[in-house]
>>> print(open('target39.cif').read())   # mmCIF, C-alpha atoms and all ligand atoms
data_my_file
loop_
_atom_site.label_atom_id
_atom_site.label_comp_id
_atom_site.auth_asym_id
_atom_site.auth_seq_id
_atom_site.Cartn_x
_atom_site.Cartn_y
_atom_site.Cartn_z
CA GLY A 1 283.82 -25.08 -57.71
CA GLU A 2 285.60 -22.47 -55.70
CA SER A 3 288.35 -23.55 -53.34
CA VAL A 4 286.12 -22.65 -50.39
CA ASP A 5 283.88 -25.62 -51.31
CA ILE A 6 286.81 -28.00 -51.11
CA ALA A 7 288.00 -26.45 -47.85
CA SER A 8 284.62 -27.04 -46.25
CA ALA A 9 284.50 -30.65 -47.51
CA VAL A 10 288.00 -31.31 -46.12
CA ALA A 11 287.06 -29.74 -42.77
CA TYR A 12 283.94 -31.89 -42.65
CA LEU A 13 285.80 -35.10 -43.45
CA ALA A 14 288.38 -34.32 -40.76
CA SER A 15 285.67 -33.84 -38.14
CA ASP A 16 283.80 -36.32 -35.95
CA GLN A 17 280.74 -35.65 -38.08
CA ALA A 18 282.19 -37.75 -40.88
CA SER A 19 282.17 -41.00 -38.92
CA PHE A 20 279.78 -43.70 -40.14
CA TYR A 21 276.20 -42.71 -39.25
CA SER A 22 277.40 -39.96 -36.95
CA ARG A 23 274.83 -38.65 -34.50
CA VAL A 24 272.86 -41.91 -34.66
CA GLU A 25 275.64 -43.60 -32.68
CA SER A 26 274.95 -41.75 -29.44
CA SER A 27 271.40 -40.67 -29.99
CA TYR A 28 268.14 -41.28 -28.11
CA LEU A 29 265.32 -42.62 -30.24
CA ILE A 30 261.69 -43.67 -30.12
CA ILE A 31 260.73 -46.15 -32.84
CA THR A 32 257.01 -46.87 -32.75
CA GLY A 33 255.98 -50.36 -33.82
CA SER A 34 259.43 -51.69 -32.93
CA SER A 35 258.01 -54.92 -31.51
CA SER A 36 258.20 -56.54 -34.96
CA GLY A 37 259.04 -56.16 -38.66
CA ILE A 38 260.62 -52.99 -40.03
CA GLY A 39 260.53 -51.20 -36.66
CA ALA A 40 262.31 -54.07 -34.91
CA ALA A 41 264.95 -54.29 -37.67
CA THR A 42 265.53 -50.53 -37.38
CA ALA A 43 265.84 -50.72 -33.59
CA LEU A 44 268.35 -53.59 -33.85
CA LEU A 45 270.48 -51.78 -36.46
CA LEU A 46 270.55 -48.54 -34.51
CA ALA A 47 271.19 -50.28 -31.18
CA LYS A 48 274.12 -52.04 -32.85
CA SER A 49 275.51 -48.66 -33.87
CA GLY A 50 275.33 -47.49 -30.23
CA ALA A 51 272.00 -45.68 -30.08
CA ASN A 52 269.67 -45.70 -27.07
CA VAL A 53 266.34 -47.03 -28.28
CA VAL A 54 262.79 -47.15 -26.94
CA ILE A 55 260.99 -50.32 -28.03
CA THR A 56 257.23 -50.03 -28.18
CA GLY A 57 254.13 -51.83 -29.41
CA ARG A 58 251.05 -53.52 -27.91
CA ASN A 59 252.56 -57.00 -27.69
CA ALA A 60 254.45 -57.05 -24.37
CA ASP A 61 256.31 -60.30 -25.12
CA ASN A 62 257.63 -59.01 -28.42
CA VAL A 63 258.58 -55.67 -26.87
CA SER A 64 260.69 -57.37 -24.20
CA LYS A 65 262.21 -59.84 -26.69
CA ILE A 66 263.37 -57.03 -29.03
CA CYS A 67 264.69 -55.05 -26.03
CA GLU A 68 266.86 -58.00 -25.00
CA GLU A 69 268.22 -58.38 -28.55
CA CYS A 70 269.01 -54.64 -28.77
CA THR A 71 270.89 -54.71 -25.48
CA LYS A 72 272.89 -57.74 -26.65
CA LEU A 73 273.83 -55.97 -29.90
CA SER A 74 274.67 -52.63 -28.27
CA PRO A 75 278.47 -52.11 -28.25
CA LYS A 76 278.32 -50.81 -24.66
CA GLY A 77 275.45 -53.07 -23.58
CA VAL A 78 273.10 -50.07 -23.38
CA LYS A 79 269.68 -51.21 -22.10
CA ALA A 80 266.79 -50.63 -24.49
CA LEU A 81 263.72 -49.10 -22.86
CA PRO A 82 260.46 -51.11 -23.14
CA VAL A 83 257.13 -49.26 -23.24
CA VAL A 84 254.01 -51.27 -24.02
CA ALA A 85 251.58 -48.86 -25.67
CA ASP A 86 248.73 -48.64 -28.16
CA VAL A 87 249.33 -45.74 -30.55
CA THR A 88 245.60 -45.21 -31.07
CA LYS A 89 245.31 -44.15 -27.41
CA GLU A 90 246.50 -40.62 -26.63
CA ALA A 91 247.12 -41.52 -22.97
CA ASP A 92 249.48 -44.29 -24.13
CA LEU A 93 251.35 -41.90 -26.42
CA ASP A 94 251.70 -39.40 -23.55
CA ARG A 95 253.08 -42.19 -21.34
CA LEU A 96 255.48 -43.27 -24.10
CA LEU A 97 256.93 -39.78 -24.37
CA ASP A 98 256.95 -39.10 -20.61
CA THR A 99 258.72 -42.40 -19.85
CA THR A 100 261.30 -41.67 -22.56
CA ILE A 101 262.09 -38.20 -21.26
CA LYS A 102 262.14 -39.33 -17.61
CA THR A 103 264.54 -42.18 -18.45
CA PHE A 104 266.74 -40.68 -21.17
CA GLY A 105 266.34 -36.97 -20.41
CA LYS A 106 266.09 -36.17 -24.12
CA LEU A 107 264.83 -37.22 -27.53
CA ASP A 108 266.94 -36.94 -30.68
CA ILE A 109 265.02 -38.96 -33.23
CA LEU A 110 261.37 -40.00 -33.58
CA VAL A 111 260.62 -42.82 -36.03
CA ASN A 112 256.87 -43.04 -36.64
CA ASN A 113 256.68 -46.59 -37.96
CA SER A 114 253.71 -48.40 -36.40
CA GLY A 115 251.03 -49.17 -38.92
CA ILE A 116 248.42 -51.63 -40.08
CA GLY A 117 247.51 -52.75 -43.56
CA SER A 118 244.02 -52.96 -44.98
CA PHE A 119 242.42 -54.38 -48.09
CA SER A 120 238.82 -53.23 -48.25
CA GLN A 121 236.66 -51.81 -51.01
CA ILE A 122 234.31 -48.85 -50.62
CA SER A 123 231.27 -51.11 -51.14
CA ASP A 124 232.26 -53.50 -48.32
CA ALA A 125 230.03 -53.48 -45.22
CA GLU A 126 233.03 -53.05 -42.91
CA TYR A 127 234.70 -50.34 -45.01
CA LEU A 128 233.99 -47.33 -42.78
CA LYS A 129 235.10 -49.11 -39.60
CA THR A 130 238.29 -50.41 -41.26
CA GLN A 131 239.16 -47.09 -42.80
CA ARG A 132 238.75 -45.25 -39.45
CA SER A 133 240.99 -47.70 -37.65
CA VAL A 134 243.64 -47.43 -40.40
CA PHE A 135 243.60 -43.63 -40.16
CA ASP A 136 243.84 -43.74 -36.35
CA THR A 137 246.86 -46.06 -36.44
CA ASN A 138 248.72 -44.90 -39.55
CA LEU A 139 248.05 -41.17 -39.48
CA ASN A 140 246.36 -39.68 -36.41
CA SER A 141 248.82 -41.32 -34.00
CA VAL A 142 251.72 -39.83 -35.99
CA ILE A 143 250.21 -36.36 -35.93
CA TYR A 144 249.64 -36.56 -32.16
CA LEU A 145 253.05 -37.96 -31.21
CA THR A 146 254.86 -35.54 -33.53
CA HIS A 147 253.00 -32.56 -32.07
CA LYS A 148 253.88 -33.61 -28.52
CA SER A 149 257.54 -34.34 -29.39
CA ILE A 150 258.43 -30.99 -30.94
CA GLN A 151 259.36 -29.36 -27.62
CA TYR A 152 262.01 -32.07 -27.08
CA LEU A 153 263.26 -32.31 -30.68
CA GLU A 154 263.72 -28.55 -30.82
CA LYS A 155 266.14 -28.77 -27.89
CA THR A 156 268.26 -31.48 -29.55
CA LYS A 157 267.89 -30.19 -33.15
CA GLY A 158 266.56 -33.66 -33.78
CA ASN A 159 264.72 -35.24 -36.65
CA ILE A 160 261.61 -37.22 -37.52
CA ILE A 161 261.29 -40.12 -39.94
CA ASN A 162 257.86 -41.37 -40.96
CA ILE A 163 257.49 -44.85 -42.42
CA SER A 164 255.02 -44.44 -45.24
CA SER A 165 254.57 -46.73 -48.28
CA ILE A 166 254.65 -46.78 -52.05
CA ALA A 167 250.89 -47.24 -51.58
CA GLY A 168 250.81 -43.52 -50.82
CA ILE A 169 252.02 -42.93 -54.38
CA GLN A 170 250.54 -45.80 -56.45
CA SER A 171 246.80 -46.57 -56.32
CA GLY A 172 245.45 -50.12 -56.32
CA LYS A 173 242.34 -52.26 -55.93
CA GLY A 174 241.06 -52.46 -52.34
CA MET A 175 243.86 -50.15 -51.21
CA SER A 176 241.98 -46.87 -50.68
CA GLY A 177 242.01 -46.81 -46.84
CA TYR A 178 245.68 -47.73 -46.51
CA ALA A 179 246.77 -45.67 -49.52
CA MET A 180 244.91 -42.55 -48.37
CA SER A 181 246.47 -42.82 -44.91
CA LYS A 182 249.96 -43.02 -46.44
CA ALA A 183 249.36 -40.27 -49.05
CA ALA A 184 248.16 -38.00 -46.24
CA LEU A 185 251.20 -39.00 -44.19
CA ASP A 186 253.49 -37.99 -47.08
CA MET A 187 251.89 -34.55 -47.28
CA PHE A 188 252.16 -34.24 -43.49
CA THR A 189 255.89 -35.04 -43.78
CA LYS A 190 256.46 -32.38 -46.42
CA CYS A 191 254.38 -29.65 -44.77
CA ILE A 192 255.79 -30.06 -41.29
CA ALA A 193 259.33 -30.18 -42.71
CA VAL A 194 258.57 -26.64 -43.86
CA ASP A 195 257.03 -25.66 -40.51
CA LEU A 196 259.85 -27.11 -38.39
CA GLY A 197 262.88 -26.13 -40.48
CA SER A 198 263.39 -22.90 -38.52
CA LYS A 199 263.45 -24.93 -35.26
CA GLY A 200 266.33 -27.02 -36.65
CA ILE A 201 264.19 -30.15 -36.92
CA ARG A 202 264.38 -32.22 -40.13
CA VAL A 203 261.41 -34.34 -41.21
CA ASN A 204 261.59 -37.09 -43.83
CA SER A 205 259.81 -40.22 -44.96
CA VAL A 206 260.83 -43.68 -46.11
CA ASN A 207 258.32 -45.31 -48.48
CA PRO A 208 258.95 -49.06 -48.75
CA GLY A 209 257.76 -51.49 -51.38
CA ALA A 210 256.83 -55.05 -50.35
CA VAL A 211 258.85 -56.11 -47.29
CA ARG A 212 258.62 -59.57 -45.69
CA THR A 213 256.81 -58.78 -42.42
CA ASN A 214 253.60 -59.66 -40.61
CA ILE A 215 251.69 -56.77 -42.16
CA MET A 216 251.38 -58.71 -45.41
CA ARG A 217 249.75 -61.60 -43.53
CA ASP A 218 246.27 -60.23 -44.16
CA MET A 219 246.68 -59.79 -47.89
CA PRO A 220 243.83 -61.23 -49.94
CA VAL A 221 245.99 -64.01 -51.36
CA PRO A 222 244.38 -67.45 -51.87
CA ASP A 223 245.76 -69.97 -49.34
CA GLU A 224 247.29 -72.19 -52.03
CA GLN A 225 249.38 -69.24 -53.28
CA ARG A 226 250.63 -68.12 -49.85
CA LYS A 227 253.61 -70.46 -49.65
CA GLY A 228 255.46 -69.08 -52.63
CA MET A 229 253.99 -65.59 -52.35
CA TRP A 230 257.19 -63.72 -51.47
CA ASP A 231 259.18 -65.30 -54.28
CA ALA A 232 256.35 -64.63 -56.74
CA MET A 233 256.15 -60.98 -55.73
CA GLY A 234 259.91 -60.58 -55.60
CA SER A 235 260.30 -61.97 -59.11
CA LYS A 236 258.29 -58.99 -60.40
CA TYR A 237 260.78 -56.56 -58.85
CA PRO A 238 263.79 -55.29 -60.85
CA VAL A 239 266.08 -56.39 -57.98
CA GLY A 240 264.49 -59.88 -58.12
CA ARG A 241 263.36 -60.05 -54.49
CA CYS A 242 261.08 -58.46 -51.93
CA GLY A 243 262.58 -56.30 -49.21
CA GLU A 244 263.75 -57.32 -45.75
CA GLY A 245 263.34 -55.18 -42.65
CA VAL A 246 267.01 -54.27 -42.70
CA ASP A 247 266.70 -52.76 -46.21
CA ILE A 248 264.37 -50.17 -44.75
CA ALA A 249 266.36 -49.84 -41.52
CA ASN A 250 269.39 -48.76 -43.59
CA ALA A 251 267.37 -46.00 -45.25
CA VAL A 252 266.12 -44.81 -41.84
CA ALA A 253 269.67 -44.84 -40.42
CA TYR A 254 270.86 -42.59 -43.26
CA LEU A 255 268.04 -40.07 -42.85
CA ALA A 256 268.52 -40.04 -39.06
CA SER A 257 272.26 -39.41 -39.35
CA ALA A 258 274.26 -36.20 -39.65
CA GLN A 259 275.12 -37.33 -43.18
CA ALA A 260 271.58 -36.27 -44.13
CA SER A 261 272.02 -32.81 -42.58
CA PHE A 262 270.68 -31.01 -45.69
CA VAL A 263 267.85 -33.49 -46.35
CA THR A 264 264.38 -32.53 -45.19
CA GLY A 265 260.86 -32.84 -46.62
CA THR A 266 262.01 -35.81 -48.66
CA ILE A 267 260.09 -38.93 -49.60
CA LEU A 268 262.76 -41.62 -49.90
CA VAL A 269 261.37 -44.55 -51.86
CA ALA A 270 263.02 -47.90 -50.96
CA ASP A 271 261.10 -50.38 -53.08
CA GLY A 272 263.47 -52.60 -55.09
CA GLY A 273 262.37 -50.71 -58.22
CA HIS A 274 258.61 -51.31 -57.76
CA LEU A 275 257.50 -47.83 -58.81
CA ALA A 276 260.12 -47.43 -61.53
CA ALA A 277 258.98 -50.67 -63.17
CA ASN A 278 255.28 -49.92 -62.49
CA VAL A 279 254.89 -53.35 -60.89
CA ASN A 280 251.38 -54.61 -60.14
CA LEU A 281 251.49 -57.12 -57.27
CA GLY A 282 247.99 -58.25 -58.25
CA PHE A 283 246.04 -58.14 -54.96
CA ASP A 284 242.32 -58.66 -55.73
P1 LIG B 301 254.49 -55.43 -38.78
O1 LIG B 301 253.06 -55.86 -38.69
O2 LIG B 301 255.56 -56.43 -38.62
O3 LIG B 301 254.77 -54.26 -37.75
C1 LIG B 301 253.80 -53.33 -37.39
C2 LIG B 301 254.19 -52.73 -36.07
O4 LIG B 301 253.23 -51.72 -35.73
C3 LIG B 301 254.22 -53.75 -34.96
O5 LIG B 301 255.34 -53.54 -34.15
C4 LIG B 301 252.94 -53.48 -34.19
O6 LIG B 301 253.12 -53.75 -32.81
C5 LIG B 301 252.78 -51.97 -34.41
N1 LIG B 301 251.39 -51.57 -34.25
C6 LIG B 301 250.34 -51.80 -35.06
N2 LIG B 301 249.22 -51.27 -34.54
C7 LIG B 301 249.58 -50.70 -33.37
C8 LIG B 301 248.88 -50.00 -32.35
N3 LIG B 301 247.57 -49.76 -32.42
N4 LIG B 301 249.57 -49.55 -31.29
C9 LIG B 301 250.90 -49.78 -31.18
N5 LIG B 301 251.63 -50.43 -32.10
C10 LIG B 301 250.97 -50.88 -33.18
O7 LIG B 301 254.59 -54.70 -40.19
P2 LIG B 301 255.74 -53.80 -40.86
O8 LIG B 301 256.99 -53.88 -40.10
O9 LIG B 301 255.74 -54.14 -42.27
O10 LIG B 301 255.09 -52.35 -40.71
C11 LIG B 301 255.81 -51.21 -40.28
C12 LIG B 301 255.46 -50.02 -41.14
O11 LIG B 301 255.92 -50.23 -42.46
C13 LIG B 301 253.96 -49.73 -41.26
O12 LIG B 301 253.72 -48.36 -41.10
C14 LIG B 301 253.64 -50.17 -42.67
O13 LIG B 301 252.53 -49.48 -43.21
C15 LIG B 301 254.93 -49.84 -43.38
N6 LIG B 301 255.11 -50.54 -44.66
C16 LIG B 301 255.28 -51.91 -44.70
C17 LIG B 301 255.42 -52.55 -45.90
C18 LIG B 301 255.60 -54.02 -46.02
O14 LIG B 301 255.55 -54.55 -47.14
N7 LIG B 301 255.83 -54.75 -44.95
C19 LIG B 301 255.39 -51.80 -47.17
C20 LIG B 301 255.23 -50.39 -47.01
C21 LIG B 301 255.09 -49.79 -45.80
P3 LIG B 301 252.15 -54.65 -31.91
O15 LIG B 301 251.61 -55.73 -32.77
O16 LIG B 301 253.06 -55.10 -30.81
O17 LIG B 301 251.11 -53.69 -31.43
#
>>> encode(input="target39.cif", output="structure tokens", more="lines below")
Ligand code: NDP
Amino acid sequence: GESVDIASAVAYLASDQASFYSRVESSYLIITGSSSGIGAATALLLAKSGANVVITGRNADNVSKICEECTKLSPKGVKALPVVADVTKEADLDRLLDTTIKTFGKLDILVNNSGIGSFSQISDAEYLKTQRSVFDTNLNSVIYLTHKSIQYLEKTKGNIINISSIAGIQSGKGMSGYAMSKAALDMFTKCIAVDLGSKGIRVNSVNPGAVRTNIMRDMPVPDEQRKGMWDAMGSKYPVGRCGEGVDIANAVAYLASAQASFVTGTILVADGGHLAANVNLGFD
């Protein structure tokens, strides 16, 4: 390259921007569904790096437990902000955002993570009800909260990370409701990255493979197979294991940071090689 390229790289490396996960360290974040699983792991990681986090979910006990852990991990003992809210209720999402802005004064990063799984076939009696509730939780809540957050993210030149799934890319038996919600979420991510680029807001997605959290509790696995289920699934993965919350938290931290300054509209797959190996986890 030309010497100007090297000069700009040297200037960057000499600046504060080049510190580990810069911007995340002092940022103000909402992570929906941070009362457990991937959202909680993300909140803990970012709190440990110095971020100010809002912990939210419906389960008040879990929300306050994760808040306490975040505060303990925070290098300056920054208090995490608890907001008990149901993302399927617009009034709750309004309260979540209002409380955040009243307390923190700003919003740098929105992680749309809350979600529910579903295994239901089109011929099932409960299919329509299940599919509507999956769309309300996994997609409509994200659209609403994103729309309402833009005014704040524009001020901070912030960014949005949606937690999708490899189910949005790979079809499977009984997966239509969940998979449609995540495929639609991926297209939402890409389209609004285009819409919001001129406002200085980046929008990206992390699409995990199987991660050991509560969401997999409702999988249609026979009881006798449940005990060794994670090892059995993990053995099908090229990396030889299923994911942990922190595997996904690391991907979120990268996308949220200044190190990802040129990354927008991206679907970052973090799946232990699931899609590359065309793994079938065999849910029936
Ligand atoms: P968990 O069940 O552990 O976490 C789900 C989170 O979403 C909880 O904090 C829960 O909070 C919250 N939530 C669910 N419904 C609502 C609601 N109506 N209102 C408010 N909060 C809600 O599962 P994961 O951590 O695995 O799930 C996180 C995300 O990761 C989801 O979007 C999921 O689709 C995605 N994902 C997970 C994979 C996996 O294998 N685990 C694979 C691919 C994607 P509370 O119960 O307190 O309401």
>>> axis_aligned_box(input="target39.cif", around="ligand LIG 301 (chain B)", padding_each_side="5 Å", output="JSON")
{"center_x": 252.3, "center_y": -52.4, "center_z": -39.0, "size_x": 19.4, "size_y": 18.1, "size_z": 26.4}
>>> residues_around(input="target39.cif", residues="Leu44 in chain A", least_positions_apart="5", cutoff="9 Å", atoms="all atoms listed in the file", output="ChimeraX atom specification")
/A:39,49,53,66-67,69-71,73-74,246,249
>>> residues_around(input="target39.cif", residues="range 130-141 of chain A", least_positions_apart="2", cutoff="10 Å", atoms="all atoms listed in the file", output="PyMOL selection string")
chain A and resi 32+86-90+93+112-122+124-128+143-147+162-164+176-186+188
>>> closest_residue(input="target39.cif", among="A:Pro75, A:Gly240, A:Gly158, A:Gly272", to="ligand LIG 301 (chain B)", atoms="all atoms listed in the file")
A:Gly272
>>> atom_distance(input="target39.cif", atom1="CA of Ala193 in chain A", atom2="CA of Val269 in chain A")
17.2 Å
>>> atom_distance(input="target39.cif", atom1="atom P3 of ligand LIG 301 (chain B)", atom2="CA of Val239 in chain A")
29.6 Å
>>> atom_distance(input="target39.cif", atom1="CA of Gly265 in chain A", atom2="CA of Gly209 in chain A")
19.5 Å
>>> residues_around(input="target39.cif", residues="Gly273 in chain A", least_positions_apart="6", cutoff="12 Å", atoms="only C-alpha atoms", output="NGL selection string")
:A and (166 or 207-210 or 234-243 or 279-280)
>>> residues_around(input="target39.cif", residues="Gly105 in chain A", least_positions_apart="6", cutoff="12 Å", atoms="only C-alpha atoms", output="list in words")
Ser27, Tyr28, Leu29, Asn52, Leu97, Asp98, Thr99, Tyr152, Leu153, Lys155 and Thr156 of chain A
>>> residues_around(input="target39.cif", residues="Asn159 in chain A", least_positions_apart="4", cutoff="7 Å", atoms="all atoms listed in the file", output="list in words")
Asp108, Ile109, Leu110, Leu153, Ile201, Arg202, Val203 and Ala256 of chain A
>>> closest_residue(input="target39.cif", among="A:Arg58, A:Lys106, A:Lys72, A:Arg217", to="ligand LIG 301 (chain B)", atoms="only C-alpha atoms and all ligand atoms")
A:Arg58
>>> closest_residue(input="target39.cif", among="A:Ala47, A:Met229, A:Ala85, A:Val24", to="ligand LIG 301 (chain B)", atoms="only C-alpha atoms and all ligand atoms")
A:Ala85
>>> closest_residue(input="target39.cif", among="A:Ala41, A:Leu268, A:Val221, A:Met187", to="ligand LIG 301 (chain B)", atoms="only C-alpha atoms and all ligand atoms")
A:Ala41
>>> decode(input="target39.cif", residues="range 92-119 of chain A", atoms="N, CA and C atoms", output="mmCIF file, in the first residue's frame")
data_model
loop_
_atom_site.group_PDB
_atom_site.id
_atom_site.type_symbol
_atom_site.label_atom_id
_atom_site.label_comp_id
_atom_site.auth_asym_id
_atom_site.auth_seq_id
_atom_site.Cartn_x
_atom_site.Cartn_y
_atom_site.Cartn_z
ATOM 1 N N ASP A 92 -43.758 -1.298 28.643
ATOM 2 C CA ASP A 92 -42.547 -1.729 29.365
ATOM 3 C C ASP A 92 -41.290 -1.286 28.617
ATOM 4 N N LEU A 93 -41.323 -1.379 27.298
ATOM 5 C CA LEU A 93 -40.151 -0.960 26.509
ATOM 6 C C LEU A 93 -39.947 0.555 26.620
ATOM 7 N N ASP A 94 -41.044 1.306 26.644
ATOM 8 C CA ASP A 94 -40.937 2.765 26.836
ATOM 9 C C ASP A 94 -40.298 3.066 28.188
ATOM 10 N N ARG A 95 -40.760 2.328 29.214
ATOM 11 C CA ARG A 95 -40.232 2.547 30.578
ATOM 12 C C ARG A 95 -38.754 2.176 30.644
ATOM 13 N N LEU A 96 -38.386 1.105 29.955
ATOM 14 C CA LEU A 96 -36.981 0.664 29.921
ATOM 15 C C LEU A 96 -36.083 1.780 29.367
ATOM 16 N N LEU A 97 -36.515 2.343 28.266
ATOM 17 C CA LEU A 97 -35.724 3.397 27.621
ATOM 18 C C LEU A 97 -35.730 4.684 28.454
ATOM 19 N N ASP A 98 -36.913 5.056 28.951
ATOM 20 C CA ASP A 98 -37.012 6.296 29.747
ATOM 21 C C ASP A 98 -36.154 6.211 31.006
ATOM 22 N N THR A 99 -36.208 5.060 31.689
ATOM 23 C CA THR A 99 -35.426 4.895 32.924
ATOM 24 C C THR A 99 -33.936 4.973 32.605
ATOM 25 N N THR A 100 -33.537 4.358 31.494
ATOM 26 C CA THR A 100 -32.122 4.387 31.086
ATOM 27 C C THR A 100 -31.655 5.815 30.854
ATOM 28 N N ILE A 101 -32.428 6.564 30.091
ATOM 29 C CA ILE A 101 -32.013 7.931 29.738
ATOM 30 C C ILE A 101 -32.054 8.833 30.986
ATOM 31 N N LYS A 102 -33.069 8.648 31.815
ATOM 32 C CA LYS A 102 -33.142 9.460 33.052
ATOM 33 C C LYS A 102 -31.943 9.181 33.957
ATOM 34 N N THR A 103 -31.524 7.911 34.025
ATOM 35 C CA THR A 103 -30.443 7.538 34.948
ATOM 36 C C THR A 103 -29.072 7.808 34.348
ATOM 37 N N PHE A 104 -28.864 7.377 33.111
ATOM 38 C CA PHE A 104 -27.538 7.473 32.485
ATOM 39 C C PHE A 104 -27.353 8.757 31.663
ATOM 40 N N GLY A 105 -28.466 9.309 31.196
ATOM 41 C CA GLY A 105 -28.377 10.515 30.361
ATOM 42 C C GLY A 105 -28.071 10.230 28.904
ATOM 43 N N LYS A 106 -27.754 8.984 28.576
ATOM 44 C CA LYS A 106 -27.401 8.659 27.192
ATOM 45 C C LYS A 106 -27.482 7.157 26.935
ATOM 46 N N LEU A 107 -27.429 6.797 25.675
ATOM 47 C CA LEU A 107 -27.377 5.376 25.299
ATOM 48 C C LEU A 107 -26.359 5.231 24.171
ATOM 49 N N ASP A 108 -25.355 4.379 24.393
ATOM 50 C CA ASP A 108 -24.338 4.141 23.367
ATOM 51 C C ASP A 108 -24.612 2.869 22.561
ATOM 52 N N ILE A 109 -25.068 1.837 23.263
ATOM 53 C CA ILE A 109 -25.172 0.526 22.611
ATOM 54 C C ILE A 109 -26.475 -0.155 23.036
ATOM 55 N N LEU A 110 -27.197 -0.669 22.051
ATOM 56 C CA LEU A 110 -28.417 -1.438 22.331
ATOM 57 C C LEU A 110 -28.188 -2.874 21.858
ATOM 58 N N VAL A 111 -28.248 -3.813 22.793
ATOM 59 C CA VAL A 111 -28.134 -5.231 22.436
ATOM 60 C C VAL A 111 -29.524 -5.853 22.555
ATOM 61 N N ASN A 112 -30.121 -6.163 21.412
ATOM 62 C CA ASN A 112 -31.436 -6.809 21.389
ATOM 63 C C ASN A 112 -31.228 -8.313 21.460
ATOM 64 N N ASN A 113 -31.320 -8.848 22.683
ATOM 65 C CA ASN A 113 -30.971 -10.252 22.900
ATOM 66 C C ASN A 113 -32.148 -11.111 23.349
ATOM 67 N N SER A 114 -33.147 -10.515 24.023
ATOM 68 C CA SER A 114 -34.189 -11.367 24.611
ATOM 69 C C SER A 114 -34.876 -12.180 23.517
ATOM 70 N N GLY A 115 -35.189 -13.405 23.852
ATOM 71 C CA GLY A 115 -35.813 -14.271 22.852
ATOM 72 C C GLY A 115 -36.310 -15.547 23.477
ATOM 73 N N ILE A 116 -37.244 -16.175 22.782
ATOM 74 C CA ILE A 116 -37.736 -17.486 23.214
ATOM 75 C C ILE A 116 -37.589 -18.465 22.054
ATOM 76 N N GLY A 117 -37.419 -19.724 22.408
ATOM 77 C CA GLY A 117 -37.343 -20.769 21.395
ATOM 78 C C GLY A 117 -38.728 -21.319 21.131
ATOM 79 N N SER A 118 -38.870 -22.081 20.063
ATOM 80 C CA SER A 118 -40.137 -22.781 19.838
ATOM 81 C C SER A 118 -39.902 -23.954 18.904
ATOM 82 N N PHE A 119 -40.556 -25.043 19.213
ATOM 83 C CA PHE A 119 -40.503 -26.218 18.341
ATOM 84 C C PHE A 119 -41.956 -26.607 18.093
#
